[in-house]
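Okay, final.cif is below, mmCIF, N, CA and C atoms:
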```cif
data_model
#
loop_
_atom_site.label_atom_id
_atom_site.label_comp_id
_atom_site.auth_asym_id
_atom_site.auth_seq_id
_atom_site.Cartn_x
_atom_site.Cartn_y
_atom_site.Cartn_z
N GLN A 1 -11.34 14.49 10.56
CA GLN A 1 -10.19 13.67 10.95
C GLN A 1 -10.28 12.33 10.24
N ASN A 2 -9.17 11.96 9.58
CA ASN A 2 -9.13 10.69 8.89
C ASN A 2 -8.59 9.63 9.85
N ASN A 3 -9.25 8.47 9.87
CA ASN A 3 -8.83 7.39 10.75
C ASN A 3 -7.68 6.58 10.17
N ILE A 4 -7.43 6.71 8.85
CA ILE A 4 -6.35 5.97 8.19
C ILE A 4 -5.43 6.98 7.52
N ASP A 5 -4.14 6.88 7.79
CA ASP A 5 -3.16 7.76 7.15
C ASP A 5 -2.04 6.93 6.55
N PHE A 6 -1.68 7.26 5.32
CA PHE A 6 -0.54 6.60 4.70
C PHE A 6 0.75 7.11 5.33
N ILE A 7 1.59 6.18 5.76
CA ILE A 7 2.93 6.50 6.23
C ILE A 7 3.87 6.47 5.03
N TYR A 8 3.73 5.41 4.22
CA TYR A 8 4.53 5.26 3.00
C TYR A 8 3.76 4.40 2.02
N PRO A 9 3.67 4.78 0.79
CA PRO A 9 4.21 6.00 0.19
C PRO A 9 3.26 7.18 0.39
N ARG A 10 3.77 8.36 0.13
CA ARG A 10 2.95 9.57 0.12
C ARG A 10 2.45 9.79 -1.30
N SER A 11 1.40 10.58 -1.44
CA SER A 11 0.83 10.82 -2.76
C SER A 11 1.85 11.49 -3.68
N ASN A 12 1.80 11.12 -4.94
CA ASN A 12 2.64 11.64 -6.02
C ASN A 12 4.10 11.20 -5.93
N MET A 13 4.38 10.18 -5.15
CA MET A 13 5.75 9.66 -5.08
C MET A 13 6.04 8.77 -6.28
N VAL A 14 7.30 8.76 -6.69
CA VAL A 14 7.79 7.81 -7.69
C VAL A 14 8.59 6.76 -6.94
N LEU A 15 8.15 5.50 -7.05
CA LEU A 15 8.78 4.40 -6.32
C LEU A 15 9.60 3.56 -7.28
N ASN A 16 10.84 3.29 -6.94
CA ASN A 16 11.70 2.45 -7.76
C ASN A 16 11.71 1.05 -7.19
N GLN A 17 11.20 0.10 -7.97
CA GLN A 17 11.18 -1.29 -7.56
C GLN A 17 12.50 -1.90 -8.03
N THR A 18 13.40 -2.20 -7.10
CA THR A 18 14.75 -2.66 -7.44
C THR A 18 14.82 -4.18 -7.52
N ARG A 19 15.93 -4.67 -8.02
CA ARG A 19 16.16 -6.11 -8.14
C ARG A 19 17.20 -6.55 -7.10
N ASN A 20 17.04 -7.77 -6.62
CA ASN A 20 18.04 -8.31 -5.70
C ASN A 20 19.23 -8.86 -6.49
N GLN A 21 20.18 -9.50 -5.81
CA GLN A 21 21.38 -9.97 -6.48
C GLN A 21 21.10 -11.08 -7.49
N TYR A 22 19.90 -11.67 -7.45
CA TYR A 22 19.53 -12.72 -8.41
C TYR A 22 18.68 -12.18 -9.55
N GLY A 23 18.47 -10.86 -9.56
CA GLY A 23 17.69 -10.25 -10.63
C GLY A 23 16.19 -10.27 -10.42
N VAL A 24 15.75 -10.64 -9.23
CA VAL A 24 14.32 -10.71 -8.92
C VAL A 24 13.85 -9.36 -8.39
N LEU A 25 12.76 -8.84 -8.97
CA LEU A 25 12.20 -7.58 -8.50
C LEU A 25 11.74 -7.70 -7.05
N GLN A 26 12.11 -6.72 -6.25
CA GLN A 26 11.72 -6.68 -4.85
C GLN A 26 10.46 -5.83 -4.69
N PRO A 27 9.52 -6.26 -3.85
CA PRO A 27 8.28 -5.49 -3.69
C PRO A 27 8.51 -4.17 -2.96
N VAL A 28 7.62 -3.24 -3.21
CA VAL A 28 7.55 -2.01 -2.43
C VAL A 28 6.68 -2.33 -1.22
N ILE A 29 7.05 -1.85 -0.05
CA ILE A 29 6.26 -2.09 1.16
C ILE A 29 5.50 -0.81 1.51
N ALA A 30 4.18 -0.87 1.41
CA ALA A 30 3.33 0.26 1.77
C ALA A 30 2.90 0.11 3.22
N LYS A 31 2.75 1.25 3.90
CA LYS A 31 2.37 1.23 5.32
C LYS A 31 1.31 2.29 5.59
N VAL A 32 0.33 1.93 6.41
CA VAL A 32 -0.65 2.91 6.88
C VAL A 32 -0.75 2.82 8.40
N ALA A 33 -1.18 3.92 8.99
CA ALA A 33 -1.47 3.97 10.43
C ALA A 33 -2.97 4.12 10.59
N HIS A 34 -3.53 3.41 11.55
CA HIS A 34 -4.96 3.50 11.84
C HIS A 34 -5.12 3.78 13.33
N HIS A 35 -6.09 4.61 13.67
CA HIS A 35 -6.30 4.95 15.09
C HIS A 35 -6.66 3.72 15.92
N ASN A 36 -7.25 2.69 15.28
CA ASN A 36 -7.60 1.44 15.95
C ASN A 36 -6.71 0.34 15.38
N GLN A 37 -5.68 -0.03 16.10
CA GLN A 37 -4.69 -0.99 15.61
C GLN A 37 -5.30 -2.34 15.26
N ASN A 38 -6.37 -2.73 15.92
CA ASN A 38 -6.93 -4.07 15.74
C ASN A 38 -8.00 -4.17 14.66
N ILE A 39 -8.21 -3.10 13.91
CA ILE A 39 -9.22 -3.12 12.87
C ILE A 39 -8.66 -3.74 11.58
N LYS A 40 -9.51 -4.35 10.79
CA LYS A 40 -9.08 -4.91 9.50
C LYS A 40 -9.02 -3.80 8.46
N VAL A 41 -7.95 -3.83 7.66
CA VAL A 41 -7.76 -2.86 6.58
C VAL A 41 -7.60 -3.64 5.28
N PHE A 42 -8.37 -3.24 4.26
CA PHE A 42 -8.36 -3.90 2.96
C PHE A 42 -7.64 -3.01 1.96
N TRP A 43 -6.72 -3.60 1.19
CA TRP A 43 -5.85 -2.86 0.28
C TRP A 43 -6.22 -3.10 -1.17
N TYR A 44 -6.12 -2.03 -1.98
CA TYR A 44 -6.45 -2.10 -3.41
C TYR A 44 -5.43 -1.30 -4.21
N LEU A 45 -5.06 -1.83 -5.38
CA LEU A 45 -4.21 -1.13 -6.32
C LEU A 45 -5.01 -0.99 -7.61
N ASN A 46 -5.37 0.24 -7.97
CA ASN A 46 -6.27 0.50 -9.10
C ASN A 46 -7.54 -0.34 -8.98
N ASP A 47 -8.10 -0.38 -7.78
CA ASP A 47 -9.34 -1.09 -7.47
C ASP A 47 -9.23 -2.61 -7.56
N VAL A 48 -8.02 -3.15 -7.67
CA VAL A 48 -7.81 -4.60 -7.63
C VAL A 48 -7.38 -4.97 -6.22
N TYR A 49 -8.11 -5.90 -5.61
CA TYR A 49 -7.87 -6.29 -4.23
C TYR A 49 -6.48 -6.91 -4.06
N LEU A 50 -5.70 -6.40 -3.10
CA LEU A 50 -4.37 -6.92 -2.80
C LEU A 50 -4.36 -7.83 -1.59
N GLY A 51 -5.20 -7.53 -0.60
CA GLY A 51 -5.21 -8.32 0.61
C GLY A 51 -5.71 -7.52 1.80
N MET A 52 -5.67 -8.17 2.97
CA MET A 52 -6.17 -7.57 4.20
C MET A 52 -5.07 -7.63 5.25
N THR A 53 -5.00 -6.58 6.08
CA THR A 53 -4.07 -6.58 7.21
C THR A 53 -4.82 -6.28 8.49
N LYS A 54 -4.23 -6.74 9.59
CA LYS A 54 -4.77 -6.45 10.92
C LYS A 54 -3.58 -6.30 11.84
N THR A 55 -3.60 -5.34 12.70
CA THR A 55 -2.54 -4.99 13.66
C THR A 55 -1.37 -4.29 12.98
N PHE A 56 -0.61 -5.00 12.11
CA PHE A 56 0.50 -4.38 11.39
C PHE A 56 0.03 -4.10 9.97
N HIS A 57 -0.23 -2.84 9.66
CA HIS A 57 -0.82 -2.48 8.37
C HIS A 57 0.28 -2.17 7.35
N GLU A 58 0.85 -3.26 6.81
CA GLU A 58 1.88 -3.18 5.78
C GLU A 58 1.50 -4.14 4.66
N MET A 59 1.72 -3.71 3.42
CA MET A 59 1.36 -4.55 2.27
C MET A 59 2.47 -4.49 1.23
N GLN A 60 2.84 -5.66 0.72
CA GLN A 60 3.82 -5.73 -0.37
C GLN A 60 3.11 -5.42 -1.68
N ILE A 61 3.78 -4.62 -2.51
CA ILE A 61 3.23 -4.26 -3.82
C ILE A 61 4.22 -4.63 -4.90
N ASN A 62 3.79 -5.48 -5.81
CA ASN A 62 4.55 -5.81 -7.00
C ASN A 62 3.73 -5.33 -8.18
N ALA A 63 4.28 -4.45 -8.99
CA ALA A 63 3.52 -3.91 -10.11
C ALA A 63 4.46 -3.54 -11.24
N LYS A 64 3.93 -3.51 -12.43
CA LYS A 64 4.69 -3.07 -13.60
C LYS A 64 4.88 -1.56 -13.54
N THR A 65 5.81 -1.06 -14.33
CA THR A 65 6.01 0.39 -14.43
C THR A 65 4.70 1.04 -14.83
N GLY A 66 4.31 2.09 -14.11
CA GLY A 66 3.07 2.79 -14.43
C GLY A 66 2.58 3.65 -13.29
N LYS A 67 1.41 4.25 -13.52
CA LYS A 67 0.77 5.11 -12.51
C LYS A 67 -0.38 4.34 -11.87
N TYR A 68 -0.51 4.52 -10.56
CA TYR A 68 -1.49 3.74 -9.80
C TYR A 68 -2.19 4.57 -8.74
N ARG A 69 -3.36 4.09 -8.36
CA ARG A 69 -4.08 4.59 -7.19
C ARG A 69 -4.03 3.48 -6.15
N LEU A 70 -3.35 3.73 -5.04
CA LEU A 70 -3.28 2.78 -3.94
C LEU A 70 -4.26 3.23 -2.88
N SER A 71 -5.20 2.35 -2.55
CA SER A 71 -6.23 2.75 -1.59
C SER A 71 -6.40 1.68 -0.51
N VAL A 72 -6.89 2.15 0.63
CA VAL A 72 -7.21 1.27 1.75
C VAL A 72 -8.59 1.64 2.28
N VAL A 73 -9.30 0.61 2.74
CA VAL A 73 -10.63 0.79 3.34
C VAL A 73 -10.67 -0.08 4.58
N ASP A 74 -11.11 0.50 5.70
CA ASP A 74 -11.22 -0.34 6.89
C ASP A 74 -12.59 -1.01 6.95
N GLU A 75 -12.76 -1.88 7.92
CA GLU A 75 -13.98 -2.69 7.98
C GLU A 75 -15.24 -1.88 8.31
N ILE A 76 -15.08 -0.60 8.70
CA ILE A 76 -16.26 0.22 8.95
C ILE A 76 -16.45 1.30 7.89
N GLY A 77 -15.63 1.25 6.83
CA GLY A 77 -15.87 2.12 5.68
C GLY A 77 -14.98 3.35 5.55
N ASN A 78 -14.06 3.59 6.50
CA ASN A 78 -13.13 4.70 6.35
C ASN A 78 -12.15 4.39 5.23
N GLU A 79 -11.80 5.40 4.43
CA GLU A 79 -10.97 5.17 3.26
C GLU A 79 -9.88 6.23 3.16
N SER A 80 -8.75 5.82 2.56
CA SER A 80 -7.68 6.74 2.24
C SER A 80 -7.01 6.24 0.96
N ALA A 81 -6.44 7.16 0.18
CA ALA A 81 -5.80 6.77 -1.07
C ALA A 81 -4.65 7.70 -1.39
N VAL A 82 -3.68 7.17 -2.13
CA VAL A 82 -2.58 7.96 -2.66
C VAL A 82 -2.40 7.58 -4.13
N TYR A 83 -1.88 8.53 -4.90
CA TYR A 83 -1.55 8.27 -6.29
C TYR A 83 -0.04 8.17 -6.39
N ILE A 84 0.44 7.08 -7.00
CA ILE A 84 1.87 6.82 -7.07
C ILE A 84 2.27 6.39 -8.48
N SER A 85 3.56 6.49 -8.75
CA SER A 85 4.15 5.93 -9.97
C SER A 85 5.17 4.90 -9.53
N ILE A 86 5.20 3.78 -10.25
CA ILE A 86 6.17 2.73 -9.98
C ILE A 86 7.07 2.58 -11.20
N GLN A 87 8.37 2.50 -10.94
CA GLN A 87 9.34 2.26 -12.00
C GLN A 87 10.14 1.01 -11.64
N ASN A 88 10.24 0.10 -12.60
CA ASN A 88 11.04 -1.10 -12.40
C ASN A 88 12.42 -0.87 -12.97
N GLU A 89 13.45 -1.18 -12.19
CA GLU A 89 14.83 -0.96 -12.65
C GLU A 89 15.40 -2.26 -13.20
#
```
Could I get this structure in the form of C-alpha cells?
Amino acid sequence: QNNIDFIYPRSNMVLNQTRNQYGVLQPVIAKVAHHNQNIKVFWYLNDVYLGMTKTFHEMQINAKTGKYRLSVVDEIGNESAVYISIQNE
C-alpha cells in the first residue's frame, strides 16, 4: 500500500500550460493525497526541489515544454512519482 497517491496529474499525461489574458503562462497545479494529512511532503521535478507542502498537498509547476518526472517524498521516506509531458501554448 502506497501512502502517497497522485490525484493530478496521472502518469503519462500531457499537460497544456495555458496563458492568461495578459499572455502570462499559468502554472499547472499538481495534487497528491496522503494517508496522514499533517505530514510534510517534498516535491521534485526531474530531481530539482520545488518545495514542501503540509495539510494541503498541492504544488504549482512552471516548466518549459518537455518530458518530466514529478516526484514526492514524505518526511518518513515514502515516495511516489509520475512521468508527464508539458506543452506551453
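Of note, atom CA of Tyr22 of chain A and atom C of Leu50 of chain A are spaced 25.3 Å apart.
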With the file shown as input, list the residues that the PyMOL selection byres (((chain A and resi 10 and name CA) around 10) and name CA) selects, as a VMD selection string.
chain A and resid 5 to 9 11 to 14 30 to 31 81 to 84
Give the answer as one residue: which of A:Phe42, A:Asn3, A:Tyr49, A:Met59 has the shortest atom-to-atom distance to Val28 of chain A, using only N, CA and C atoms?
A:Met59
Evaluated on this file, the PyMOL selection byres ((chain A and resi 88) around 7) picks out some residues - which ones are they, written as a list in words?
Leu15, Asn16, Gln17, Thr18, Ala63, Lys64, Thr65, Gly66, Ile86, Gln87 and Glu89 of chain A
Convert the current residue selection to file output with N, CA and C atoms, as a PDB file, in the coordinates of the input.
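Done, and the output landed in selection04.pdb:
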```pdb
ATOM      1  N   LEU A  15       8.150   5.500  -7.050  1.00  0.00           N
ATOM      2  CA  LEU A  15       8.780   4.400  -6.320  1.00  0.00           C
ATOM      3  C   LEU A  15       9.600   3.560  -7.280  1.00  0.00           C
ATOM      4  N   ASN A  16      10.840   3.290  -6.940  1.00  0.00           N
ATOM      5  CA  ASN A  16      11.700   2.450  -7.760  1.00  0.00           C
ATOM      6  C   ASN A  16      11.710   1.050  -7.190  1.00  0.00           C
ATOM      7  N   GLN A  17      11.200   0.100  -7.970  1.00  0.00           N
ATOM      8  CA  GLN A  17      11.180  -1.290  -7.560  1.00  0.00           C
ATOM      9  C   GLN A  17      12.500  -1.900  -8.030  1.00  0.00           C
ATOM     10  N   THR A  18      13.400  -2.200  -7.100  1.00  0.00           N
ATOM     11  CA  THR A  18      14.750  -2.660  -7.440  1.00  0.00           C
ATOM     12  C   THR A  18      14.820  -4.180  -7.520  1.00  0.00           C
ATOM     13  N   ALA A  63       4.280  -4.450  -8.990  1.00  0.00           N
ATOM     14  CA  ALA A  63       3.520  -3.910 -10.110  1.00  0.00           C
ATOM     15  C   ALA A  63       4.460  -3.540 -11.240  1.00  0.00           C
ATOM     16  N   LYS A  64       3.930  -3.510 -12.430  1.00  0.00           N
ATOM     17  CA  LYS A  64       4.690  -3.070 -13.600  1.00  0.00           C
ATOM     18  C   LYS A  64       4.880  -1.560 -13.540  1.00  0.00           C
ATOM     19  N   THR A  65       5.810  -1.060 -14.330  1.00  0.00           N
ATOM     20  CA  THR A  65       6.010   0.390 -14.430  1.00  0.00           C
ATOM     21  C   THR A  65       4.700   1.040 -14.830  1.00  0.00           C
ATOM     22  N   GLY A  66       4.310   2.090 -14.110  1.00  0.00           N
ATOM     23  CA  GLY A  66       3.070   2.790 -14.430  1.00  0.00           C
ATOM     24  C   GLY A  66       2.580   3.650 -13.290  1.00  0.00           C
ATOM     25  N   ILE A  86       5.200   3.780 -10.250  1.00  0.00           N
ATOM     26  CA  ILE A  86       6.170   2.730  -9.980  1.00  0.00           C
ATOM     27  C   ILE A  86       7.070   2.580 -11.200  1.00  0.00           C
ATOM     28  N   GLN A  87       8.370   2.500 -10.940  1.00  0.00           N
ATOM     29  CA  GLN A  87       9.340   2.260 -12.000  1.00  0.00           C
ATOM     30  C   GLN A  87      10.140   1.010 -11.640  1.00  0.00           C
ATOM     31  N   GLU A  89      13.450  -1.180 -12.190  1.00  0.00           N
ATOM     32  CA  GLU A  89      14.830  -0.960 -12.650  1.00  0.00           C
ATOM     33  C   GLU A  89      15.400  -2.260 -13.200  1.00  0.00           C
TER      34      GLU A  89
END
```
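The interatomic distance for the pair atom C of Ser80 of chain A and atom C of Asn46 of chain A works out to 11.9 Å.
Relative to atom N of Pro27 of chain A, atom C of Val73 of chain A is found at 22.7 Å.
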Ile76 of chain A: which residues within 12 Å, counting only C-alpha atoms, same-chain residues fewer than 5 positions away excluded, as a JSON list (two decimals) with N, CA and C atoms, in the coordinates of the input?
```
[["chain", "number", "residue", "atom", "x", "y", "z"],
["A", 3, "ASN", "N", -9.25, 8.47, 9.87],
["A", 3, "ASN", "CA", -8.83, 7.39, 10.75],
["A", 3, "ASN", "C", -7.68, 6.58, 10.17],
["A", 4, "ILE", "N", -7.43, 6.71, 8.85],
["A", 4, "ILE", "CA", -6.35, 5.97, 8.19],
["A", 4, "ILE", "C", -5.43, 6.98, 7.52],
["A", 36, "ASN", "N", -7.25, 2.69, 15.28],
["A", 36, "ASN", "CA", -7.60, 1.44, 15.95],
["A", 36, "ASN", "C", -6.71, 0.34, 15.38],
["A", 39, "ILE", "N", -8.21, -3.10, 13.91],
["A", 39, "ILE", "CA", -9.22, -3.12, 12.87],
["A", 39, "ILE", "C", -8.66, -3.74, 11.58],
["A", 40, "LYS", "N", -9.51, -4.35, 10.79],
["A", 40, "LYS", "CA", -9.08, -4.91, 9.50],
["A", 40, "LYS", "C", -9.02, -3.80, 8.46],
["A", 41, "VAL", "N", -7.95, -3.83, 7.66],
["A", 41, "VAL", "CA", -7.76, -2.86, 6.58],
["A", 41, "VAL", "C", -7.60, -3.64, 5.28],
["A", 42, "PHE", "N", -8.37, -3.24, 4.26],
["A", 42, "PHE", "CA", -8.36, -3.90, 2.96],
["A", 42, "PHE", "C", -7.64, -3.01, 1.96]]
```
Write out as a ChimeraX atom specification each polymer residue whose atoms come within 7 Å of Trp43 of chain A, counting all atoms listed in the file; drop sequence neighbours fewer than 3 positions from it.
/A:48-53,70-73
So that I can check the secondary structure, give me every residue of chain A assigned strand (DSSP E) by backbone DSSP, as a PyMOL selection string.
chain A and resi 4-8+13-17+28-34+40-45+48-54+58-61+66-74+79-88
Box centre and edge lengths (Å, one decimal), axis-aligned, segment 35-42 of chain A plus 6 Å each side, as lines of an AutoDock Vina configuration file:
```
center_x = -7.1
center_y = 0.0
center_z = 9.0
size_x = 16.8
size_y = 21.9
size_z = 26.1
```
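With only C-alpha atoms as the atoms that count, the residue of A:Glu79, A:Lys54, A:Ser85, A:Ala33 with the shortest distance to Lys67 of chain A is A:Ser85.
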